[in-house]
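Text of the file protein-v4.pdb, holding PDB, C-alpha atoms:
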ATOM      1  CA  MET A  20      11.021 -23.729  -3.706  1.00  0.00           C
ATOM      2  CA  ALA A  21      10.585 -22.383  -0.185  1.00  0.00           C
ATOM      3  CA  VAL A  22      14.224 -21.312  -0.099  1.00  0.00           C
ATOM      4  CA  LEU A  23      14.746 -20.596  -3.808  1.00  0.00           C
ATOM      5  CA  ALA A  24      12.302 -17.688  -4.117  1.00  0.00           C
ATOM      6  CA  PRO A  25      13.843 -15.631  -1.274  1.00  0.00           C
ATOM      7  CA  LEU A  26      17.306 -16.316  -2.712  1.00  0.00           C
ATOM      8  CA  ILE A  27      16.252 -15.039  -6.151  1.00  0.00           C
ATOM      9  CA  ALA A  28      14.816 -11.889  -4.574  1.00  0.00           C
ATOM     10  CA  LEU A  29      18.021 -11.481  -2.565  1.00  0.00           C
ATOM     11  CA  VAL A  30      20.250 -11.770  -5.657  1.00  0.00           C
ATOM     12  CA  TYR A  31      18.131  -9.216  -7.523  1.00  0.00           C
ATOM     13  CA  SER A  32      18.481  -6.792  -4.595  1.00  0.00           C
ATOM     14  CA  VAL A  33      22.280  -7.104  -4.240  1.00  0.00           C
ATOM     15  CA  PRO A  34      22.967  -3.556  -5.587  1.00  0.00           C
ATOM     16  CA  ARG A  35      20.801  -2.115  -2.841  1.00  0.00           C
ATOM     17  CA  LEU A  36      22.181  -4.193   0.000  1.00  0.00           C
ATOM     18  CA  SER A  37      25.023  -1.771   0.699  1.00  0.00           C
ATOM     19  CA  ARG A  38      22.502   0.987   1.412  1.00  0.00           C
ATOM     20  CA  TRP A  39      20.370  -1.316   3.534  1.00  0.00           C
ATOM     21  CA  LEU A  40      23.304  -2.482   5.618  1.00  0.00           C
ATOM     22  CA  ALA A  41      24.038   1.130   6.520  1.00  0.00           C
ATOM     23  CA  ARG A  42      20.758   1.171   8.462  1.00  0.00           C
ATOM     24  CA  PRO A  43      20.556  -0.955  11.652  1.00  0.00           C
ATOM     25  CA  TYR A  44      16.874  -1.776  11.042  1.00  0.00           C
ATOM     26  CA  TYR A  45      17.513  -3.555   7.742  1.00  0.00           C
ATOM     27  CA  PHE A  46      20.637  -5.258   9.017  1.00  0.00           C
ATOM     28  CA  LEU A  47      18.810  -6.693  12.050  1.00  0.00           C
ATOM     29  CA  SER A  48      15.846  -7.733   9.886  1.00  0.00           C
ATOM     30  CA  ALA A  49      18.127  -9.642   7.514  1.00  0.00           C
ATOM     31  CA  LEU A  50      19.956 -11.207  10.441  1.00  0.00           C
ATOM     32  CA  LEU A  51      16.728 -12.386  12.085  1.00  0.00           C
ATOM     33  CA  SER A  52      15.453 -13.743   8.759  1.00  0.00           C
ATOM     34  CA  ALA A  53      18.527 -15.918   8.381  1.00  0.00           C
ATOM     35  CA  ALA A  54      18.778 -16.862  12.052  1.00  0.00           C
ATOM     36  CA  PHE A  55      16.061 -19.521  12.004  1.00  0.00           C
ATOM     37  CA  LEU A  56      17.473 -21.231   8.909  1.00  0.00           C
ATOM     38  CA  LEU A  57      20.943 -21.330  10.453  1.00  0.00           C
ATOM     39  CA  VAL A  58      19.725 -22.582  13.827  1.00  0.00           C
ATOM     40  CA  ARG A  59      17.519 -25.286  12.307  1.00  0.00           C
ATOM     41  CA  LYS A  60      20.271 -26.595  10.002  1.00  0.00           C
ATOM     42  CA  LEU A  61      23.410 -26.098  12.122  1.00  0.00           C
ATOM     43  CA  PRO A  62      24.479 -28.984  14.371  1.00  0.00           C
ATOM     44  CA  PRO A  63      24.802 -29.306  17.299  1.00  0.00           C
ATOM     45  CA  VAL A  64      22.391 -26.383  17.915  1.00  0.00           C
ATOM     46  CA  CYS A  65      19.568 -27.960  15.911  1.00  0.00           C
ATOM     47  CA  GLU A  66      19.823 -31.214  17.903  1.00  0.00           C
ATOM     48  CA  SER A  67      18.276 -29.538  20.944  1.00  0.00           C
ATOM     49  CA  LEU A  68      15.261 -28.157  19.054  1.00  0.00           C
ATOM     50  CA  PRO A  69      11.803 -29.789  19.169  1.00  0.00           C
ATOM     51  CA  THR A  70      10.458 -31.331  15.950  1.00  0.00           C
ATOM     52  CA  GLN A  71       7.237 -32.835  14.621  1.00  0.00           C
ATOM     53  CA  ARG A  72       8.912 -34.936  11.948  1.00  0.00           C
ATOM     54  CA  GLU A  73       7.998 -38.621  11.872  1.00  0.00           C
ATOM     55  CA  ASP A  74      11.642 -39.637  11.674  1.00  0.00           C
ATOM     56  CA  GLY A  75      12.474 -37.452  14.678  1.00  0.00           C
ATOM     57  CA  ASN A  76      15.282 -35.613  12.854  1.00  0.00           C
ATOM     58  CA  PRO A  77      15.570 -32.213  14.604  1.00  0.00           C
ATOM     59  CA  CYS A  78      17.971 -30.826  11.964  1.00  0.00           C
ATOM     60  CA  ASP A  79      15.422 -30.672   9.175  1.00  0.00           C
ATOM     61  CA  PHE A  80      12.161 -28.776   8.644  1.00  0.00           C
ATOM     62  CA  ASP A  81       8.885 -30.364   9.727  1.00  0.00           C
ATOM     63  CA  TRP A  82       5.650 -29.997   7.753  1.00  0.00           C
ATOM     64  CA  ARG A  83       4.498 -26.930   9.704  1.00  0.00           C
ATOM     65  CA  GLU A  84       7.744 -25.073   9.126  1.00  0.00           C
ATOM     66  CA  VAL A  85       7.671 -25.926   5.417  1.00  0.00           C
ATOM     67  CA  GLU A  86       4.110 -24.596   5.229  1.00  0.00           C
ATOM     68  CA  ILE A  87       5.151 -21.306   6.842  1.00  0.00           C
ATOM     69  CA  LEU A  88       8.193 -20.932   4.561  1.00  0.00           C
ATOM     70  CA  MET A  89       6.053 -21.601   1.482  1.00  0.00           C
ATOM     71  CA  PHE A  90       3.604 -18.921   2.576  1.00  0.00           C
ATOM     72  CA  LEU A  91       6.394 -16.396   3.151  1.00  0.00           C
ATOM     73  CA  SER A  92       7.918 -17.293  -0.233  1.00  0.00           C
ATOM     74  CA  ALA A  93       4.582 -16.601  -1.919  1.00  0.00           C
ATOM     75  CA  ILE A  94       4.464 -13.167  -0.275  1.00  0.00           C
ATOM     76  CA  VAL A  95       8.010 -12.411  -1.448  1.00  0.00           C
ATOM     77  CA  MET A  96       7.164 -13.506  -4.989  1.00  0.00           C
ATOM     78  CA  MET A  97       4.011 -11.391  -5.073  1.00  0.00           C
ATOM     79  CA  LYS A  98       5.831  -8.272  -3.888  1.00  0.00           C
ATOM     80  CA  ASN A  99       8.622  -8.850  -6.404  1.00  0.00           C
ATOM     81  CA  ARG A 100       6.573 -10.350  -9.223  1.00  0.00           C
ATOM     82  CA  ARG A 101       7.586  -7.680 -11.727  1.00  0.00           C
ATOM     83  CA  SER A 102      11.255  -8.001 -10.879  1.00  0.00           C
ATOM     84  CA  MET A 103      11.190 -11.787 -11.216  1.00  0.00           C
ATOM     85  CA  PHE A 104       9.251 -11.630 -14.466  1.00  0.00           C
ATOM     86  CA  LEU A 105      11.826  -9.281 -15.929  1.00  0.00           C
ATOM     87  CA  MET A 106      14.642 -11.623 -14.978  1.00  0.00           C
ATOM     88  CA  THR A 107      13.196 -14.390 -17.179  1.00  0.00           C
ATOM     89  CA  CYS A 108      10.951 -12.670 -19.757  1.00  0.00           C
ATOM     90  CA  LYS A 109      12.776  -9.448 -20.486  1.00  0.00           C
ATOM     91  CA  PRO A 110      12.056  -8.175 -24.026  1.00  0.00           C
ATOM     92  CA  PRO A 111      15.041  -7.363 -26.276  1.00  0.00           C
ATOM     93  CA  LEU A 112      16.504  -3.864 -26.300  1.00  0.00           C
ATOM     94  CA  TYR A 113      15.481  -1.678 -29.237  1.00  0.00           C
ATOM     95  CA  MET A 114      18.432  -1.132 -31.579  1.00  0.00           C
ATOM     96  CA  GLY A 115      16.716   0.582 -34.535  1.00  0.00           C
ATOM     97  CA  PRO A 116      17.011   4.130 -35.943  1.00  0.00           C
ATOM     98  CA  GLU A 117      15.962   7.140 -33.869  1.00  0.00           C
ATOM     99  CA  TYR A 118      16.476  10.886 -33.438  1.00  0.00           C
ATOM    100  CA  ILE A 119      16.836  10.869 -29.674  1.00  0.00           C
ATOM    101  CA  LYS A 120      19.392  12.536 -27.421  1.00  0.00           C
ATOM    102  CA  TYR A 121      20.384  10.598 -24.315  1.00  0.00           C
ATOM    103  CA  PHE A 122      20.918  12.644 -21.162  1.00  0.00           C
ATOM    104  CA  SER A 123      22.918  12.019 -18.029  1.00  0.00           C
ATOM    105  CA  ASP A 124      22.288  13.500 -14.607  1.00  0.00           C
ATOM    106  CA  LYS A 125      24.649  16.366 -15.494  1.00  0.00           C
ATOM    107  CA  THR A 126      23.427  17.176 -19.005  1.00  0.00           C
ATOM    108  CA  ILE A 127      19.627  17.087 -18.791  1.00  0.00           C
ATOM    109  CA  ASP A 128      19.109  20.424 -17.026  1.00  0.00           C
ATOM    110  CA  GLU A 129      21.844  22.061 -19.052  1.00  0.00           C
ATOM    111  CA  GLU A 130      20.282  21.008 -22.360  1.00  0.00           C
ATOM    112  CA  LEU A 131      16.750  21.996 -21.370  1.00  0.00           C
ATOM    113  CA  GLU A 132      17.963  25.475 -20.435  1.00  0.00           C
ATOM    114  CA  ARG A 133      20.348  25.965 -23.367  1.00  0.00           C
ATOM    115  CA  ASP A 134      17.736  27.223 -25.868  1.00  0.00           C
ATOM    116  CA  LYS A 135      14.352  27.893 -24.317  1.00  0.00           C
ATOM    117  CA  ARG A 136      12.681  28.224 -27.712  1.00  0.00           C
ATOM    118  CA  VAL A 137      13.195  24.503 -28.292  1.00  0.00           C
ATOM    119  CA  THR A 138      10.428  22.200 -27.101  1.00  0.00           C
ATOM    120  CA  TRP A 139      11.607  18.936 -25.569  1.00  0.00           C
ATOM    121  CA  ILE A 140       9.775  15.667 -25.037  1.00  0.00           C
ATOM    122  CA  VAL A 141      11.812  13.569 -22.635  1.00  0.00           C
ATOM    123  CA  GLU A 142      11.239   9.945 -21.730  1.00  0.00           C
ATOM    124  CA  PHE A 143      12.275   8.872 -18.237  1.00  0.00           C
ATOM    125  CA  PHE A 144      12.951   5.137 -18.465  1.00  0.00           C
ATOM    126  CA  ALA A 145      14.786   2.196 -16.919  1.00  0.00           C
ATOM    127  CA  ASN A 146      16.387  -0.630 -18.876  1.00  0.00           C
ATOM    128  CA  TRP A 147      14.936  -3.277 -16.555  1.00  0.00           C
ATOM    129  CA  SER A 148      11.357  -2.120 -17.211  1.00  0.00           C
ATOM    130  CA  SER A 149       9.499  -4.213 -19.781  1.00  0.00           C
ATOM    131  CA  ASP A 150       7.025  -1.358 -20.312  1.00  0.00           C
ATOM    132  CA  CYS A 151       9.899   0.973 -21.216  1.00  0.00           C
ATOM    133  CA  GLN A 152      11.367  -1.544 -23.640  1.00  0.00           C
ATOM    134  CA  SER A 153       7.978  -2.116 -25.268  1.00  0.00           C
ATOM    135  CA  PHE A 154       7.555   1.641 -25.692  1.00  0.00           C
ATOM    136  CA  ALA A 155      11.094   2.151 -27.084  1.00  0.00           C
ATOM    137  CA  PRO A 156      10.280   1.418 -30.772  1.00  0.00           C
ATOM    138  CA  ILE A 157       7.148   3.601 -30.579  1.00  0.00           C
ATOM    139  CA  TYR A 158       9.096   6.509 -29.122  1.00  0.00           C
ATOM    140  CA  ALA A 159      11.877   6.039 -31.702  1.00  0.00           C
ATOM    141  CA  ASP A 160       9.327   6.099 -34.531  1.00  0.00           C
ATOM    142  CA  LEU A 161       7.796   9.307 -33.159  1.00  0.00           C
ATOM    143  CA  SER A 162      11.245  10.910 -33.046  1.00  0.00           C
ATOM    144  CA  LEU A 163      11.820   9.988 -36.689  1.00  0.00           C
ATOM    145  CA  LYS A 164       8.521  11.572 -37.707  1.00  0.00           C
ATOM    146  CA  TYR A 165       8.463  14.718 -35.565  1.00  0.00           C
ATOM    147  CA  ASN A 166      12.036  15.664 -34.662  1.00  0.00           C
ATOM    148  CA  CYS A 167      13.154  19.046 -36.032  1.00  0.00           C
ATOM    149  CA  THR A 168      15.115  22.114 -34.928  1.00  0.00           C
ATOM    150  CA  GLY A 169      12.384  23.387 -32.626  1.00  0.00           C
ATOM    151  CA  LEU A 170      11.090  20.022 -31.381  1.00  0.00           C
ATOM    152  CA  ASN A 171      13.563  17.557 -29.896  1.00  0.00           C
ATOM    153  CA  PHE A 172      13.258  14.147 -28.278  1.00  0.00           C
ATOM    154  CA  GLY A 173      15.345  12.999 -25.344  1.00  0.00           C
ATOM    155  CA  LYS A 174      15.720  10.084 -22.942  1.00  0.00           C
ATOM    156  CA  VAL A 175      17.259   9.692 -19.507  1.00  0.00           C
ATOM    157  CA  ASP A 176      17.827   6.419 -17.649  1.00  0.00           C
ATOM    158  CA  VAL A 177      16.426   7.046 -14.162  1.00  0.00           C
ATOM    159  CA  GLY A 178      17.379   3.502 -13.213  1.00  0.00           C
ATOM    160  CA  ARG A 179      20.999   4.589 -13.592  1.00  0.00           C
ATOM    161  CA  TYR A 180      20.712   8.245 -12.544  1.00  0.00           C
ATOM    162  CA  THR A 181      18.635   7.998  -9.385  1.00  0.00           C
ATOM    163  CA  ASP A 182      19.072  11.676  -8.515  1.00  0.00           C
ATOM    164  CA  VAL A 183      17.273  12.552 -11.764  1.00  0.00           C
ATOM    165  CA  SER A 184      14.323  10.376 -10.739  1.00  0.00           C
ATOM    166  CA  THR A 185      14.169  12.230  -7.415  1.00  0.00           C
ATOM    167  CA  ARG A 186      14.502  15.650  -9.045  1.00  0.00           C
ATOM    168  CA  TYR A 187      11.696  15.027 -11.521  1.00  0.00           C
ATOM    169  CA  LYS A 188       9.580  12.916  -9.146  1.00  0.00           C
ATOM    170  CA  VAL A 189       9.614   9.718 -11.193  1.00  0.00           C
ATOM    171  CA  SER A 190       9.448   6.581  -9.048  1.00  0.00           C
ATOM    172  CA  THR A 191      11.831   3.744  -9.913  1.00  0.00           C
ATOM    173  CA  SER A 192      10.280   1.126  -7.656  1.00  0.00           C
ATOM    174  CA  PRO A 193       9.912  -2.336  -9.282  1.00  0.00           C
ATOM    175  CA  LEU A 194       6.159  -2.047  -8.647  1.00  0.00           C
ATOM    176  CA  THR A 195       5.790   1.501  -9.947  1.00  0.00           C
ATOM    177  CA  LYS A 196       3.454   2.465 -12.779  1.00  0.00           C
ATOM    178  CA  GLN A 197       5.474   5.614 -13.553  1.00  0.00           C
ATOM    179  CA  LEU A 198       7.826   3.920 -15.991  1.00  0.00           C
ATOM    180  CA  PRO A 199       8.037   5.069 -18.640  1.00  0.00           C
ATOM    181  CA  THR A 200       7.178   8.719 -17.984  1.00  0.00           C
ATOM    182  CA  LEU A 201       6.950  11.300 -20.778  1.00  0.00           C
ATOM    183  CA  ILE A 202       7.389  14.968 -19.868  1.00  0.00           C
ATOM    184  CA  LEU A 203       6.895  17.927 -22.209  1.00  0.00           C
ATOM    185  CA  PHE A 204       9.257  20.840 -21.542  1.00  0.00           C
ATOM    186  CA  GLN A 205       8.770  24.325 -22.986  1.00  0.00           C
ATOM    187  CA  GLY A 206      10.993  27.221 -22.027  1.00  0.00           C
ATOM    188  CA  GLY A 207      12.947  24.793 -19.879  1.00  0.00           C
ATOM    189  CA  LYS A 208       9.885  24.149 -17.694  1.00  0.00           C
ATOM    190  CA  GLU A 209       7.634  21.132 -17.377  1.00  0.00           C
ATOM    191  CA  VAL A 210       4.277  21.696 -19.088  1.00  0.00           C
ATOM    192  CA  MET A 211       2.690  18.264 -18.828  1.00  0.00           C
ATOM    193  CA  ARG A 212       3.478  14.625 -18.232  1.00  0.00           C
ATOM    194  CA  ARG A 213       2.069  11.184 -18.782  1.00  0.00           C
ATOM    195  CA  PRO A 214       1.175   9.234 -16.772  1.00  0.00           C
ATOM    196  CA  GLN A 215      -0.370  11.816 -14.494  1.00  0.00           C
ATOM    197  CA  ILE A 216       0.058  11.616 -10.723  1.00  0.00           C
ATOM    198  CA  ASP A 217      -2.920  11.862  -8.376  1.00  0.00           C
ATOM    199  CA  LYS A 218      -2.996  13.632  -5.023  1.00  0.00           C
ATOM    200  CA  LYS A 219      -1.791  10.509  -3.252  1.00  0.00           C
ATOM    201  CA  GLY A 220       1.267  10.273  -5.481  1.00  0.00           C
ATOM    202  CA  ARG A 221      -0.043   7.319  -7.489  1.00  0.00           C
ATOM    203  CA  ALA A 222       0.300   7.073 -11.252  1.00  0.00           C
ATOM    204  CA  VAL A 223      -2.926   7.203 -13.233  1.00  0.00           C
ATOM    205  CA  SER A 224      -3.068   4.312 -15.682  1.00  0.00           C
ATOM    206  CA  TRP A 225      -2.340   5.443 -19.250  1.00  0.00           C
ATOM    207  CA  THR A 226      -1.698   3.533 -22.467  1.00  0.00           C
ATOM    208  CA  PHE A 227       1.620   4.395 -24.163  1.00  0.00           C
ATOM    209  CA  SER A 228       0.483   4.005 -27.752  1.00  0.00           C
ATOM    210  CA  GLU A 229       1.587   6.158 -30.687  1.00  0.00           C
ATOM    211  CA  GLU A 230      -1.935   7.538 -31.119  1.00  0.00           C
ATOM    212  CA  ASN A 231      -2.220   8.529 -27.466  1.00  0.00           C
ATOM    213  CA  VAL A 232       1.149  10.294 -27.451  1.00  0.00           C
ATOM    214  CA  ILE A 233       0.334  12.241 -30.641  1.00  0.00           C
ATOM    215  CA  ARG A 234      -3.053  13.282 -29.314  1.00  0.00           C
ATOM    216  CA  GLU A 235      -2.156  14.091 -25.705  1.00  0.00           C
ATOM    217  CA  PHE A 236       1.044  15.986 -26.535  1.00  0.00           C
ATOM    218  CA  ASN A 237      -0.414  17.762 -29.605  1.00  0.00           C
ATOM    219  CA  LEU A 238       2.560  16.587 -31.655  1.00  0.00           C
ATOM    220  CA  ASN A 239       1.130  17.666 -35.007  1.00  0.00           C
ATOM    221  CA  GLU A 240       0.613  21.226 -33.744  1.00  0.00           C
ATOM    222  CA  LEU A 241       3.983  21.303 -32.002  1.00  0.00           C
ATOM    223  CA  TYR A 242       5.703  20.068 -35.150  1.00  0.00           C
ATOM    224  CA  GLN A 243       4.103  22.702 -37.415  1.00  0.00           C
ATOM    225  CA  ARG A 244       5.088  25.483 -35.022  1.00  0.00           C
ATOM    226  CA  ALA A 245       8.578  24.050 -34.547  1.00  0.00           C
ATOM    227  CA  LYS A 246       9.194  24.037 -38.308  1.00  0.00           C
ATOM    228  CA  LYS A 247       8.768  27.820 -38.276  1.00  0.00           C
ATOM    229  CA  LEU A 248      11.759  27.971 -35.970  1.00  0.00           C
ATOM    230  CA  SER A 249      13.760  26.002 -38.528  1.00  0.00           C
ATOM    231  CA  LYS A 250      12.849  28.410 -41.346  1.00  0.00           C
ATOM    232  CA  ALA A 251      13.148  31.694 -39.455  1.00  0.00           C
ATOM    233  CA  GLY A 252      16.276  30.779 -37.485  1.00  0.00           C
ATOM    234  CA  ASP A 253      17.198  33.091 -34.637  1.00  0.00           C
ATOM    235  CA  LYS A 254      14.610  35.700 -35.596  1.00  0.00           C
ATOM    236  CA  ILE A 255      11.666  33.557 -34.572  1.00  0.00           C
ATOM    237  CA  PRO A 256      10.074  34.687 -31.302  1.00  0.00           C
ATOM    238  CA  GLU A 257       9.616  32.231 -28.498  1.00  0.00           C
ATOM    239  CA  GLU A 258       6.716  29.902 -29.216  1.00  0.00           C
ATOM    240  CA  GLN A 259       3.650  29.996 -27.051  1.00  0.00           C
ATOM    241  CA  PRO A 260       3.157  26.952 -24.839  1.00  0.00           C
ATOM    242  CA  VAL A 261       0.452  24.479 -25.638  1.00  0.00           C
ATOM    243  CA  ALA A 262      -2.544  24.295 -23.355  1.00  0.00           C
ATOM    244  CA  THR A 263      -1.236  23.203 -20.005  1.00  0.00           C
ATOM    245  CA  VAL A 264      -2.535  19.933 -18.634  1.00  0.00           C
ATOM    246  CA  PRO A 265      -2.066  19.590 -14.871  1.00  0.00           C
ATOM    247  CA  THR A 266       0.415  16.954 -13.765  1.00  0.00           C
ATOM    248  CA  THR A 267      -1.779  15.923 -10.851  1.00  0.00           C
ATOM    249  CA  VAL A 268      -5.378  14.826 -10.971  1.00  0.00           C
ATOM    250  CA  PRO A 269      -7.964  14.224  -8.253  1.00  0.00           C
ATOM    251  CA  ASP A 270      -8.681  10.637  -7.205  1.00  0.00           C
ATOM    252  CA  GLU A 271     -12.111  10.611  -8.804  1.00  0.00           C
ATOM    253  CA  GLU A 272     -10.537  11.162 -12.230  1.00  0.00           C
ATOM    254  CA  ASN A 273      -8.352   8.061 -12.065  1.00  0.00           C
ATOM    255  CA  LYS A 274      -9.717   6.469 -15.203  1.00  0.00           C
ATOM    256  CA  LYS A 275      -7.748   4.588 -17.786  1.00  0.00           C
ATOM    257  CA  ASP A 276      -7.271   6.351 -21.122  1.00  0.00           C
ATOM    258  CA  LYS A 277      -8.889   4.529 -23.923  1.00  0.00           C
TER
END
Produce structure tokens that represent the structure in this file.
Amino acid sequence: MAVLAPLIALVYSVPRLSRWLARPYYFLSALLSAAFLLVRKLPPVCESLPTQREDGNPCDFDWREVEILMFLSAIVMMKNRRSMFLMTCKPPLYMGPEYIKYFSDKTIDEELERDKRVTWIVEFFANWSSDCQSFAPIYADLSLKYNCTGLNFGKVDVGRYTDVSTRYKVSTSPLTKQLPTLILFQGGKEVMRRPQIDKKGRAVSWTFSEENVIREFNLNELYQRAKKLSKAGDKIPEEQPVATVPTTVPDEENKKDK
């Protein structure tokens, strides 16, 4: 167990290792982390090391070393608890009906700017996030109910397109609370988002339920106004934005939405 947990965390982080190895700090840290294990297990080097084992075997861990490794393993598991949970308890991908357009890093800005009369609600998600997968059927159902010519729904995988996550300030850390993130765009500009971000850059806890999305994003009002665009075609003037809700909130307002 003492060795298994770090190995699991290491396997999960393989895609990022190439970037880490490019920095001397991470390379030296990884080297020092493995050095003790190699020295303790590699004859004849280990034969010259002191040991507190009752059998006097210097090439195996004594009780104190096992205790330290168990403690370090617990720290690794705590810091990567979400990642490890997802590896074993990942919910199934949603495969049902939806009216959602999927963006790439090259198409999202282009589509938002193409017709500024169209209101967009875009979900920034990652396939490895259990919260995103739990929200997927809710978001799909909302798209089926509210999608029309003037109100469109989109999604972009920030786990795949990391430059999009940087551009729109959506963290993709395994411990982040910013996934999923819903952003309302009007006139090609961000009007509001959920969850909100406080002054310290932390996500304010928010429940991604259908009722909360409808209420917070004024979907009923947006839908009624968007239908006018469908009927009037190109003659409809640009719709007025809904009341803007700031995307950042002070620390004292960090309360969970009911």
Could you tell me which residues the PyMOL selection byres ((chain A and resi 225-227) around 12) grabs in this file, written as a PyMOL selection string?
-> chain A and resi 142+150-158+161+196-201+212-216+222-224+228-236+273-277
Any chance you could resolve the PyMOL selection byres ((chain A and resi 163-176) around 9) against this file and give the residues as a tab-separated table (two decimals) with C-alpha atoms, in the frame of the given file?
chain	number	residue	atom	x	y	z
A	116	PRO	CA	17.01	4.13	-35.94
A	117	GLU	CA	15.96	7.14	-33.87
A	118	TYR	CA	16.48	10.89	-33.44
A	119	ILE	CA	16.84	10.87	-29.67
A	120	LYS	CA	19.39	12.54	-27.42
A	121	TYR	CA	20.38	10.60	-24.32
A	122	PHE	CA	20.92	12.64	-21.16
A	123	SER	CA	22.92	12.02	-18.03
A	124	ASP	CA	22.29	13.50	-14.61
A	127	ILE	CA	19.63	17.09	-18.79
A	136	ARG	CA	12.68	28.22	-27.71
A	137	VAL	CA	13.20	24.50	-28.29
A	138	THR	CA	10.43	22.20	-27.10
A	139	TRP	CA	11.61	18.94	-25.57
A	140	ILE	CA	9.78	15.67	-25.04
A	141	VAL	CA	11.81	13.57	-22.64
A	142	GLU	CA	11.24	9.94	-21.73
A	143	PHE	CA	12.28	8.87	-18.24
A	144	PHE	CA	12.95	5.14	-18.46
A	145	ALA	CA	14.79	2.20	-16.92
A	146	ASN	CA	16.39	-0.63	-18.88
A	158	TYR	CA	9.10	6.51	-29.12
A	159	ALA	CA	11.88	6.04	-31.70
A	160	ASP	CA	9.33	6.10	-34.53
A	161	LEU	CA	7.80	9.31	-33.16
A	162	SER	CA	11.24	10.91	-33.05
A	177	VAL	CA	16.43	7.05	-14.16
A	178	GLY	CA	17.38	3.50	-13.21
A	179	ARG	CA	21.00	4.59	-13.59
A	180	TYR	CA	20.71	8.24	-12.54
A	181	THR	CA	18.64	8.00	-9.38
A	183	VAL	CA	17.27	12.55	-11.76
A	184	SER	CA	14.32	10.38	-10.74
A	238	LEU	CA	2.56	16.59	-31.66
A	239	ASN	CA	1.13	17.67	-35.01
A	241	LEU	CA	3.98	21.30	-32.00
A	242	TYR	CA	5.70	20.07	-35.15
A	244	ARG	CA	5.09	25.48	-35.02
A	245	ALA	CA	8.58	24.05	-34.55
A	246	LYS	CA	9.19	24.04	-38.31
A	247	LYS	CA	8.77	27.82	-38.28
A	248	LEU	CA	11.76	27.97	-35.97
A	249	SER	CA	13.76	26.00	-38.53
Would you work out the distance separating CA of Tyr113 (chain A) from CA of Trp147 (chain A), expressed in Å to one decimal?
-> 12.8 Å
What is the distance, in Å and to one decimal place, between CA of Lys60 (chain A) and CA of Asn76 (chain A)?
-> 10.7 Å
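Computed from the coordinates, the CA of Leu88 (chain A) to CA of Arg59 (chain A) distance equals 12.9 Å.
Every residue that the PyMOL selection byres ((chain A and resi 134) around 10) selects in this file is listed here: Glu129, Glu130, Leu131, Glu132, Arg133, Lys135, Arg136, Val137, Thr138, Gly169, Gln205, Gly206, Gly207 and Glu257 of chain A.
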Could the centre and edge lengths of an axis-aligned box, enclosing all atoms of region 49-59 of chain A in the file with 6 Å extra on each side, be given in Å to one decimal as lines of an AutoDock Vina configuration file?
center_x = 18.2
center_y = -17.5
center_z = 10.7
size_x = 17.5
size_y = 27.6
size_z = 18.3
Save region 124-157 of chain A from what I just supplied, as a PDB file, in the first residue's frame, atoms limited to C-alpha atoms.
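out12.pdb was written with the following content:
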ATOM      1  CA  ASP A 124     -10.107  25.815 -29.379  1.00  0.00           C
ATOM      2  CA  LYS A 125     -10.339  27.241 -32.914  1.00  0.00           C
ATOM      3  CA  THR A 126     -14.118  27.422 -33.314  1.00  0.00           C
ATOM      4  CA  ILE A 127     -15.413  28.799 -30.010  1.00  0.00           C
ATOM      5  CA  ASP A 128     -14.427  32.444 -30.521  1.00  0.00           C
ATOM      6  CA  GLU A 129     -15.394  32.322 -34.170  1.00  0.00           C
ATOM      7  CA  GLU A 130     -18.891  31.034 -33.394  1.00  0.00           C
ATOM      8  CA  LEU A 131     -19.509  33.485 -30.557  1.00  0.00           C
ATOM      9  CA  GLU A 132     -18.611  36.386 -32.843  1.00  0.00           C
ATOM     10  CA  ARG A 133     -20.399  35.123 -35.962  1.00  0.00           C
ATOM     11  CA  ASP A 134     -23.864  36.495 -35.085  1.00  0.00           C
ATOM     12  CA  LYS A 135     -23.872  38.768 -32.060  1.00  0.00           C
ATOM     13  CA  ARG A 136     -27.663  38.722 -31.835  1.00  0.00           C
ATOM     14  CA  VAL A 137     -27.526  35.070 -30.789  1.00  0.00           C
ATOM     15  CA  THR A 138     -27.247  34.379 -27.070  1.00  0.00           C
ATOM     16  CA  TRP A 139     -24.981  31.481 -26.144  1.00  0.00           C
ATOM     17  CA  ILE A 140     -24.813  29.405 -22.984  1.00  0.00           C
ATOM     18  CA  VAL A 141     -21.560  27.470 -23.034  1.00  0.00           C
ATOM     19  CA  GLU A 142     -20.512  24.721 -20.662  1.00  0.00           C
ATOM     20  CA  PHE A 143     -16.790  24.369 -19.993  1.00  0.00           C
ATOM     21  CA  PHE A 144     -16.265  20.745 -18.969  1.00  0.00           C
ATOM     22  CA  ALA A 145     -13.768  17.897 -18.734  1.00  0.00           C
ATOM     23  CA  ASN A 146     -14.564  14.254 -19.421  1.00  0.00           C
ATOM     24  CA  TRP A 147     -12.695  13.092 -16.314  1.00  0.00           C
ATOM     25  CA  SER A 148     -14.850  15.247 -14.015  1.00  0.00           C
ATOM     26  CA  SER A 149     -17.663  13.353 -12.301  1.00  0.00           C
ATOM     27  CA  ASP A 150     -19.479  16.643 -11.650  1.00  0.00           C
ATOM     28  CA  CYS A 151     -19.456  17.401 -15.384  1.00  0.00           C
ATOM     29  CA  GLN A 152     -20.769  13.950 -16.237  1.00  0.00           C
ATOM     30  CA  SER A 153     -23.519  14.230 -13.625  1.00  0.00           C
ATOM     31  CA  PHE A 154     -24.540  17.598 -15.071  1.00  0.00           C
ATOM     32  CA  ALA A 155     -24.472  16.360 -18.702  1.00  0.00           C
ATOM     33  CA  PRO A 156     -28.059  14.974 -18.813  1.00  0.00           C
ATOM     34  CA  ILE A 157     -29.393  18.113 -17.089  1.00  0.00           C
TER      35      ILE A 157
END
